[in-house]
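> The following block contains the structure, expressed as structure tokens.
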Amino acid sequence: MINLPQDFANRMQDMLKEAYPAFLLSYEKEKYQALRVNALKGTTEEFLEKAPFSGLQAVPWEKRGFYYDSKSQPGKHPLHEAGVYYIQEPSAMYPAACLEAKPGERVLDLCAAPGGKTTQIASYMQNEGILVCNEIHPARAKILSENVERMGIRNALVTNETPQHLSEVFDEYFDRILVDAPCSGEGMFRKNEEACDEWSLENVQLCAARQDEILDCADVMLRPGGRLVYSTCTFAPAENEGSVARFLERHPAYRIVETQVYDGMTQGVPAWAYYGENNSGMDDLKHTVRLFPHLINGEGHYLAVLEKAGEVPEGYQGYLANGTQKGISIKEAKELQQFCEETLKTELLEGCEDCLLLFGEQLYLMPKDMPSVKKLKVLRPGLHLGTLKKKRFEPSHALALALSTKDAKHSMELSNDADARAYLSGMTLNYDGEKGWYLMTYKGYSIGWGKLAGQVMKNHYPKGLRK
């Protein structure tokens with residue numbers, strides 16, 4: 001049994017009343033585990049045909065989400081390294097689903113690490129539009145960038161900035177913003193017992209104040225008529241109904257959008273907006289959503305869907321303090337052109353005359369009209385294509401994961417788990433074919449590069465990722 005902080009237990013008992021014993025009992029049960037299929041890699045139906053995992057059951061609020069049983073170990077499977085799915089806590093799948101991001105839009109995930117919600121948003125966007133994913137902590141921003149790469153995302157700009165600085169760069173620019181706010185983490189006590197030791201009433205108040213600041217920054221960056229989804233993984237009223245109520249008081253141009261409540265989910269409680277102070281509240285807070293672990297198959301979460309008043313004309317661009325990023329001409333990357341002609345079937349550079357960005361020797365394919373990287377800490381400005389050296393181009397691992405078998409002139413299918421694991425460990429393989437770059441695949445999914453010389457397939461799986 002988890003040793004819950006006494007102040008937390010007292011407050012939860014007061015909030016839940018007769019439901020408190022059932023809530024307490026949920027801590028004695030095993031946590032639910034789930035994965036989400038990556039739509040950028042193929043269809044859910046294809047995955048279900050090829051998946052070696054037993055006991056997959058649908059997560060009701062995410063059409064690509066599936067619970068898996070304790071016997072499965074999807075995190076250790078080659079399909080995980082191929083970015084075919086993302087292991088994600090089931091309740092955490094709901095906020096990005098409510099964002100309803102669409103291809104071609106400009107979307108911001110403001111507090112994005114480790115990347116579960118970012119990669120979920122990317123699945124909905126289908127590599128069309130601009131996805132800015134930001135994380136304030138450098139180490140976590142690196143993990144975010146690695147997950148963006150693994151999932152084969154092409155249209156992401158990964159930044160390591162404060163919300164305050166971003167709000168100075170982007171003015172009413174984004175169509176949709178997700179604020180999965182840093183919080184006291186009460187909903188994760190069952191999943192992470194260390195969170196119990198870090199919890200305090202004082203920290204709840206600090207988190208609530210920080211959430212106010214982050215939401216104010218989000219308001220600056222959201223266009224009129226845009227959608228803002230606010231979410232936490234805590235039960236604390238000050239960080240949930242309270243944060244939303246305070247935001248609406250400061251920004252009356254917003255309204256709460258009623259969203260679907262699935263079986264086991266409960267409505268927000270208006271009286272909790274000022275819990276412990278008075279019982280006044282905003283009636284529309286009942287349209288926010290709470291997820292309690294004794295009522296659903298998942299951990300504790302809260303979310304609110306907000307819409308900003310107004311509308312924008314067709315072709316609206318918003319304001320970028322530094323404008324859009326200027327790229328180099330394709331003519332300046334002849335080695336890349338030669339690689340594409342020799343290796344790819346797909347027209348990777350079609351319509352991308354000014355979309356190449358060179359950082360030293362590293363070459364990136366930017367999303368169209370990508371914001372300038374000037375005065376921003378950027379980890380990943382679009383799709384990393386590879387290293388541009390004199391007289392040769394070496395493709396990146398990110399490029400391999402963004403391609404499929406139909407995109408490559410040469411590919412080598414790793415026919416079984418043993419071969420796949422051998423490749424992931426860095427071993428060379430024997431193969432008979434034309435020399436050159438090969439897209440390595442497993443169960444039809446791209447997993448990395450190999451380069452054939454003679455009958456030896458040289459392994460180009462990154463050394464830092466080898467198992």
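Order determines the names: the first chain of the structure tokens is A, the second B, and so forth; residues in each chain are numbered 1 upward, and ligands are numbered 1 upward as they are shown.
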What are the DSSP alpha helix (DSSP H) residues of stretch 322-458 of chain A, as a list in words?
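Filtering stretch 322-458 of chain A down to alpha helix (DSSP H) leaves Lys334, Glu335, Leu336, Gln337, Gln338, Phe339, Cys340, Glu341, Glu342, Thr343, His397, Ala398, Leu399, Ala400, Leu401, Ala402, Asp417, Ala418, Asp419, Ala420, Arg421, Ala422, Tyr423 and Leu424 of chain A.
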> Would you mind exporting N, CA and C atoms of the selected residues as an mmCIF file, in the first residue's frame?

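So part_22.cif came out as:
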```cif
data_model
loop_
_atom_site.group_PDB
_atom_site.id
_atom_site.type_symbol
_atom_site.label_atom_id
_atom_site.label_comp_id
_atom_site.auth_asym_id
_atom_site.auth_seq_id
_atom_site.Cartn_x
_atom_site.Cartn_y
_atom_site.Cartn_z
ATOM 1 N N LYS A 334 24.081 19.563 -53.780
ATOM 2 C CA LYS A 334 24.155 18.613 -54.897
ATOM 3 C C LYS A 334 24.353 17.181 -54.411
ATOM 4 N N GLU A 335 25.096 17.038 -53.302
ATOM 5 C CA GLU A 335 25.338 15.702 -52.760
ATOM 6 C C GLU A 335 24.033 15.069 -52.291
ATOM 7 N N LEU A 336 23.152 15.884 -51.722
ATOM 8 C CA LEU A 336 21.835 15.390 -51.311
ATOM 9 C C LEU A 336 21.019 14.984 -52.534
ATOM 10 N N GLN A 337 21.048 15.812 -53.574
ATOM 11 C CA GLN A 337 20.324 15.491 -54.796
ATOM 12 C C GLN A 337 20.790 14.167 -55.383
ATOM 13 N N GLN A 338 22.095 13.960 -55.391
ATOM 14 C CA GLN A 338 22.648 12.714 -55.921
ATOM 15 C C GLN A 338 22.194 11.525 -55.087
ATOM 16 N N PHE A 339 22.209 11.695 -53.745
ATOM 17 C CA PHE A 339 21.743 10.624 -52.855
ATOM 18 C C PHE A 339 20.288 10.279 -53.156
ATOM 19 N N CYS A 340 19.447 11.301 -53.303
ATOM 20 C CA CYS A 340 18.022 11.067 -53.578
ATOM 21 C C CYS A 340 17.828 10.318 -54.896
ATOM 22 N N GLU A 341 18.581 10.706 -55.923
ATOM 23 C CA GLU A 341 18.460 10.054 -57.224
ATOM 24 C C GLU A 341 18.879 8.590 -57.156
ATOM 25 N N GLU A 342 19.913 8.292 -56.371
ATOM 26 C CA GLU A 342 20.450 6.937 -56.300
ATOM 27 C C GLU A 342 19.668 6.034 -55.351
ATOM 28 N N THR A 343 19.051 6.634 -54.323
ATOM 29 C CA THR A 343 18.526 5.840 -53.208
ATOM 30 C C THR A 343 17.015 5.845 -53.085
ATOM 31 N N HIS A 397 19.622 8.916 -39.243
ATOM 32 C CA HIS A 397 18.685 7.918 -38.729
ATOM 33 C C HIS A 397 17.261 8.467 -38.787
ATOM 34 N N ALA A 398 17.113 9.768 -38.540
ATOM 35 C CA ALA A 398 15.788 10.396 -38.591
ATOM 36 C C ALA A 398 15.156 10.241 -39.960
ATOM 37 N N LEU A 399 15.959 10.377 -41.017
ATOM 38 C CA LEU A 399 15.426 10.229 -42.375
ATOM 39 C C LEU A 399 14.934 8.808 -42.602
ATOM 40 N N ALA A 400 15.697 7.828 -42.144
ATOM 41 C CA ALA A 400 15.269 6.434 -42.301
ATOM 42 C C ALA A 400 13.916 6.206 -41.644
ATOM 43 N N LEU A 401 13.746 6.730 -40.436
ATOM 44 C CA LEU A 401 12.506 6.502 -39.700
ATOM 45 C C LEU A 401 11.326 7.284 -40.274
ATOM 46 N N ALA A 402 11.617 8.284 -41.105
ATOM 47 C CA ALA A 402 10.548 9.064 -41.739
ATOM 48 C C ALA A 402 10.131 8.482 -43.086
ATOM 49 N N ASP A 417 12.798 -11.878 -35.521
ATOM 50 C CA ASP A 417 13.205 -11.113 -34.337
ATOM 51 C C ASP A 417 14.708 -11.165 -34.127
ATOM 52 N N ALA A 418 15.306 -12.334 -34.352
ATOM 53 C CA ALA A 418 16.740 -12.498 -34.122
ATOM 54 C C ALA A 418 17.551 -11.577 -35.028
ATOM 55 N N ASP A 419 17.171 -11.521 -36.308
ATOM 56 C CA ASP A 419 17.872 -10.632 -37.244
ATOM 57 C C ASP A 419 17.674 -9.166 -36.859
ATOM 58 N N ALA A 420 16.455 -8.826 -36.448
ATOM 59 C CA ALA A 420 16.168 -7.446 -36.059
ATOM 60 C C ALA A 420 17.000 -7.047 -34.846
ATOM 61 N N ARG A 421 17.074 -7.916 -33.856
ATOM 62 C CA ARG A 421 17.844 -7.607 -32.651
ATOM 63 C C ARG A 421 19.341 -7.562 -32.956
ATOM 64 N N ALA A 422 19.795 -8.412 -33.882
ATOM 65 C CA ALA A 422 21.196 -8.370 -34.302
ATOM 66 C C ALA A 422 21.518 -7.022 -34.949
ATOM 67 N N TYR A 423 20.608 -6.551 -35.800
ATOM 68 C CA TYR A 423 20.814 -5.245 -36.430
ATOM 69 C C TYR A 423 20.832 -4.136 -35.374
ATOM 70 N N LEU A 424 19.894 -4.171 -34.424
ATOM 71 C CA LEU A 424 19.806 -3.135 -33.392
ATOM 72 C C LEU A 424 21.016 -3.146 -32.462
#
```
> Please give the complete set of residues from stretch 273-405 of chain A that DSSP, run on the backbone, assigns to strand (DSSP E or B), formatted as a ChimeraX atom specification.
/A:289-291,301-308,319-320,324,328,344,356-359,362-365,371,378-381,383-389,392-395
> Could you save the residues just selected, with N, CA and C atoms, as a compact mmCIF listing (two decimals), in the first residue's frame?

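Ended up saving to again_2.txt:
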```
# COMPACT_ATOMS: atom_id res chain seq x y z
N VAL A 289 -13.30 18.16 -17.36
CA VAL A 289 -13.36 16.70 -17.16
C VAL A 289 -12.33 16.24 -16.15
N ARG A 290 -12.78 15.37 -15.26
CA ARG A 290 -11.88 14.73 -14.29
C ARG A 290 -11.82 13.23 -14.55
N LEU A 291 -10.62 12.68 -14.39
CA LEU A 291 -10.41 11.23 -14.53
C LEU A 291 -9.85 10.72 -13.20
N HIS A 301 -6.27 12.41 -13.96
CA HIS A 301 -6.04 13.52 -14.88
C HIS A 301 -7.19 14.53 -14.78
N TYR A 302 -6.92 15.70 -15.34
CA TYR A 302 -7.96 16.74 -15.45
C TYR A 302 -7.71 17.46 -16.77
N LEU A 303 -8.80 17.90 -17.42
CA LEU A 303 -8.61 18.70 -18.63
C LEU A 303 -9.79 19.64 -18.85
N ALA A 304 -9.46 20.73 -19.52
CA ALA A 304 -10.46 21.71 -19.92
C ALA A 304 -10.18 22.13 -21.35
N VAL A 305 -11.23 22.20 -22.17
CA VAL A 305 -11.11 22.66 -23.55
C VAL A 305 -11.66 24.09 -23.61
N LEU A 306 -10.82 25.02 -24.04
CA LEU A 306 -11.19 26.43 -24.06
C LEU A 306 -11.11 26.97 -25.48
N GLU A 307 -12.00 27.90 -25.79
CA GLU A 307 -11.99 28.52 -27.12
C GLU A 307 -11.92 30.03 -26.96
N LYS A 308 -11.05 30.64 -27.76
CA LYS A 308 -10.87 32.09 -27.73
C LYS A 308 -11.86 32.76 -28.66
N TYR A 319 1.57 36.79 -36.13
CA TYR A 319 2.79 37.60 -36.13
C TYR A 319 3.96 36.80 -35.59
N LEU A 320 5.06 36.83 -36.34
CA LEU A 320 6.31 36.21 -35.90
C LEU A 320 7.35 37.32 -35.73
N THR A 324 9.91 34.31 -40.91
CA THR A 324 10.09 32.90 -41.24
C THR A 324 11.55 32.62 -41.56
N ILE A 328 18.49 27.35 -47.68
CA ILE A 328 19.43 27.37 -48.79
C ILE A 328 18.77 26.75 -50.02
N LEU A 344 16.37 6.93 -53.48
CA LEU A 344 14.95 7.09 -53.19
C LEU A 344 14.08 7.02 -54.44
N LEU A 356 15.45 23.87 -47.25
CA LEU A 356 16.63 23.22 -46.68
C LEU A 356 17.35 24.17 -45.74
N LEU A 357 17.68 23.67 -44.57
CA LEU A 357 18.38 24.48 -43.56
C LEU A 357 19.67 23.78 -43.20
N LEU A 358 20.79 24.51 -43.27
CA LEU A 358 22.10 23.93 -42.99
C LEU A 358 22.64 24.49 -41.69
N PHE A 359 22.88 23.59 -40.72
CA PHE A 359 23.55 23.93 -39.46
C PHE A 359 24.92 23.28 -39.48
N GLN A 362 25.13 19.75 -40.81
CA GLN A 362 23.86 19.05 -40.63
C GLN A 362 22.77 19.72 -41.46
N LEU A 363 22.09 18.90 -42.25
CA LEU A 363 21.09 19.42 -43.18
C LEU A 363 19.69 18.99 -42.73
N TYR A 364 18.76 19.95 -42.71
CA TYR A 364 17.38 19.71 -42.28
C TYR A 364 16.41 20.10 -43.39
N LEU A 365 15.29 19.39 -43.42
CA LEU A 365 14.18 19.75 -44.29
C LEU A 365 13.12 20.42 -43.42
N PRO A 371 8.82 29.07 -38.66
CA PRO A 371 9.30 30.28 -37.96
C PRO A 371 10.83 30.31 -37.90
N VAL A 378 16.93 25.96 -30.34
CA VAL A 378 16.27 24.96 -31.18
C VAL A 378 17.08 23.66 -31.19
N LEU A 379 16.40 22.56 -30.90
CA LEU A 379 17.05 21.25 -30.94
C LEU A 379 16.82 20.55 -32.27
N ARG A 380 15.68 20.82 -32.89
CA ARG A 380 15.34 20.09 -34.13
C ARG A 380 14.45 20.98 -35.00
N PRO A 381 15.00 21.56 -36.07
CA PRO A 381 14.21 22.44 -36.95
C PRO A 381 13.65 21.69 -38.16
N LEU A 383 12.86 17.99 -40.23
CA LEU A 383 13.39 16.65 -40.40
C LEU A 383 14.89 16.70 -40.66
N HIS A 384 15.66 16.03 -39.80
CA HIS A 384 17.10 15.95 -40.00
C HIS A 384 17.37 14.98 -41.14
N LEU A 385 17.90 15.51 -42.24
CA LEU A 385 18.15 14.69 -43.42
C LEU A 385 19.47 13.93 -43.33
N GLY A 386 20.49 14.59 -42.78
CA GLY A 386 21.78 13.93 -42.68
C GLY A 386 22.93 14.91 -42.68
N THR A 387 24.13 14.38 -42.94
CA THR A 387 25.35 15.17 -42.90
C THR A 387 25.82 15.47 -44.32
N LEU A 388 26.00 16.75 -44.60
CA LEU A 388 26.42 17.20 -45.93
C LEU A 388 27.92 17.46 -45.89
N LYS A 389 28.66 16.55 -46.49
CA LYS A 389 30.10 16.68 -46.54
C LYS A 389 30.55 16.90 -47.98
N ARG A 392 30.05 14.09 -50.66
CA ARG A 392 29.20 12.98 -50.24
C ARG A 392 28.15 13.44 -49.23
N PHE A 393 27.10 12.67 -49.17
CA PHE A 393 26.01 12.93 -48.22
C PHE A 393 25.75 11.64 -47.45
N GLU A 394 25.68 11.75 -46.13
CA GLU A 394 25.39 10.58 -45.30
C GLU A 394 24.02 10.77 -44.64
N PRO A 395 23.07 9.90 -44.95
CA PRO A 395 21.70 10.10 -44.43
C PRO A 395 21.62 9.88 -42.93
```
> A:Cys217, A:Ala273, A:Ile87, A:Leu16: which is nearest A:Gln33, counting only C-alpha atoms?
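Among the listed residues, A:Ile87 lies closest to A:Gln33.
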> Skipping near chain neighbours, those fewer than 4 positions away, what residues fall within 7 Å of A:Val107 using only C-alpha atoms, listed as a list in words?
Ile130, Leu131, Val132, Phe174, Asp175, Arg176 and Ile177 of chain A
> Let me make sure I understand: among A:Asn155, A:Thr288, A:Asn297, A:Ser446, which one has the smallest atom-to-atom distance to A:Asp369 if we use only C-alpha atoms?
A:Asn155
> Neighbouring residues of A:Gly55 were defined as those with any atom within 8 Å, considering only C-alpha atoms; residues of the same chain fewer than 3 positions away were excluded. Please report them as a list in words.
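The residues that qualify are Tyr67, Tyr68 and Asp69 of chain A.
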> So which residues touch A:Thr162 within 9 Å, counting only C-alpha atoms, skipping near sequence neighbours fewer than 6 positions away, as a PyMOL selection string?
chain A and resi 134-137
> As an exercise, work out the distance from atom CA of A:Gly83 to atom CA of A:Leu110 in Å and give it to one decimal place.
22.6 Å
> Give me, as a ChimeraX atom specification, all polymer residues having an atom no more than 9 Å from A:Ala122, counting only C-alpha atoms and skipping those fewer than 3 positions away in the same chain.
/A:38-40,101,103,117-119,125-128,131,148,153-156
> Quick one: residues within 8 Å of A:Ser404, only C-alpha atoms, excluding same-chain residues fewer than 5 positions away - as a list in words?
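Listing them by chain and then by number gives Lys41, Gly444, Tyr445 and Ser446 of chain A.
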> Atoms to include: N, CA and C atoms. Write the selected residues as a PDB file, in the first residue's frame.

```pdb
ATOM      1  N   LYS A  41       3.303   5.833 -39.388  1.00  0.00           N
ATOM      2  CA  LYS A  41       3.995   4.615 -39.820  1.00  0.00           C
ATOM      3  C   LYS A  41       3.080   3.641 -40.554  1.00  0.00           C
ATOM      4  N   GLY A 444       8.026  -4.816 -42.359  1.00  0.00           N
ATOM      5  CA  GLY A 444       7.611  -3.798 -43.316  1.00  0.00           C
ATOM      6  C   GLY A 444       7.803  -2.372 -42.844  1.00  0.00           C
ATOM      7  N   TYR A 445       8.263  -2.169 -41.596  1.00  0.00           N
ATOM      8  CA  TYR A 445       8.481  -0.832 -41.045  1.00  0.00           C
ATOM      9  C   TYR A 445       9.965  -0.475 -41.105  1.00  0.00           C
ATOM     10  N   SER A 446      10.280   0.751 -41.495  1.00  0.00           N
ATOM     11  CA  SER A 446      11.678   1.178 -41.541  1.00  0.00           C
ATOM     12  C   SER A 446      12.255   1.252 -40.132  1.00  0.00           C
TER      13      SER A 446
END
```
> Rank nothing, just name the residue among A:Ala58, A:Ala236, A:Ser415, A:Arg64 nearest to A:Glu202, using only C-alpha atoms.
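Going through A:Ala58, A:Ala236, A:Ser415, A:Arg64 one by one, the smallest distance to A:Glu202 is for A:Ala236.
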> Which one is closest to A:Pro21: A:Glu198, A:Asn416, A:Ala9, A:Phe247? Count only C-alpha atoms.
A:Ala9
> Measuring atom to atom with only C-alpha atoms, identify which of A:Asn160, A:Thr441, A:Gln13, A:Gln120 is nearest to A:Leu178.
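Ranking A:Asn160, A:Thr441, A:Gln13, A:Gln120 by distance to A:Leu178, first place goes to A:Gln120.
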> Of the candidates A:Asp219, A:Glu49, A:Asp171, A:Asp14, which one gets nearest to A:Tyr254 if we count only C-alpha atoms?
A:Asp219
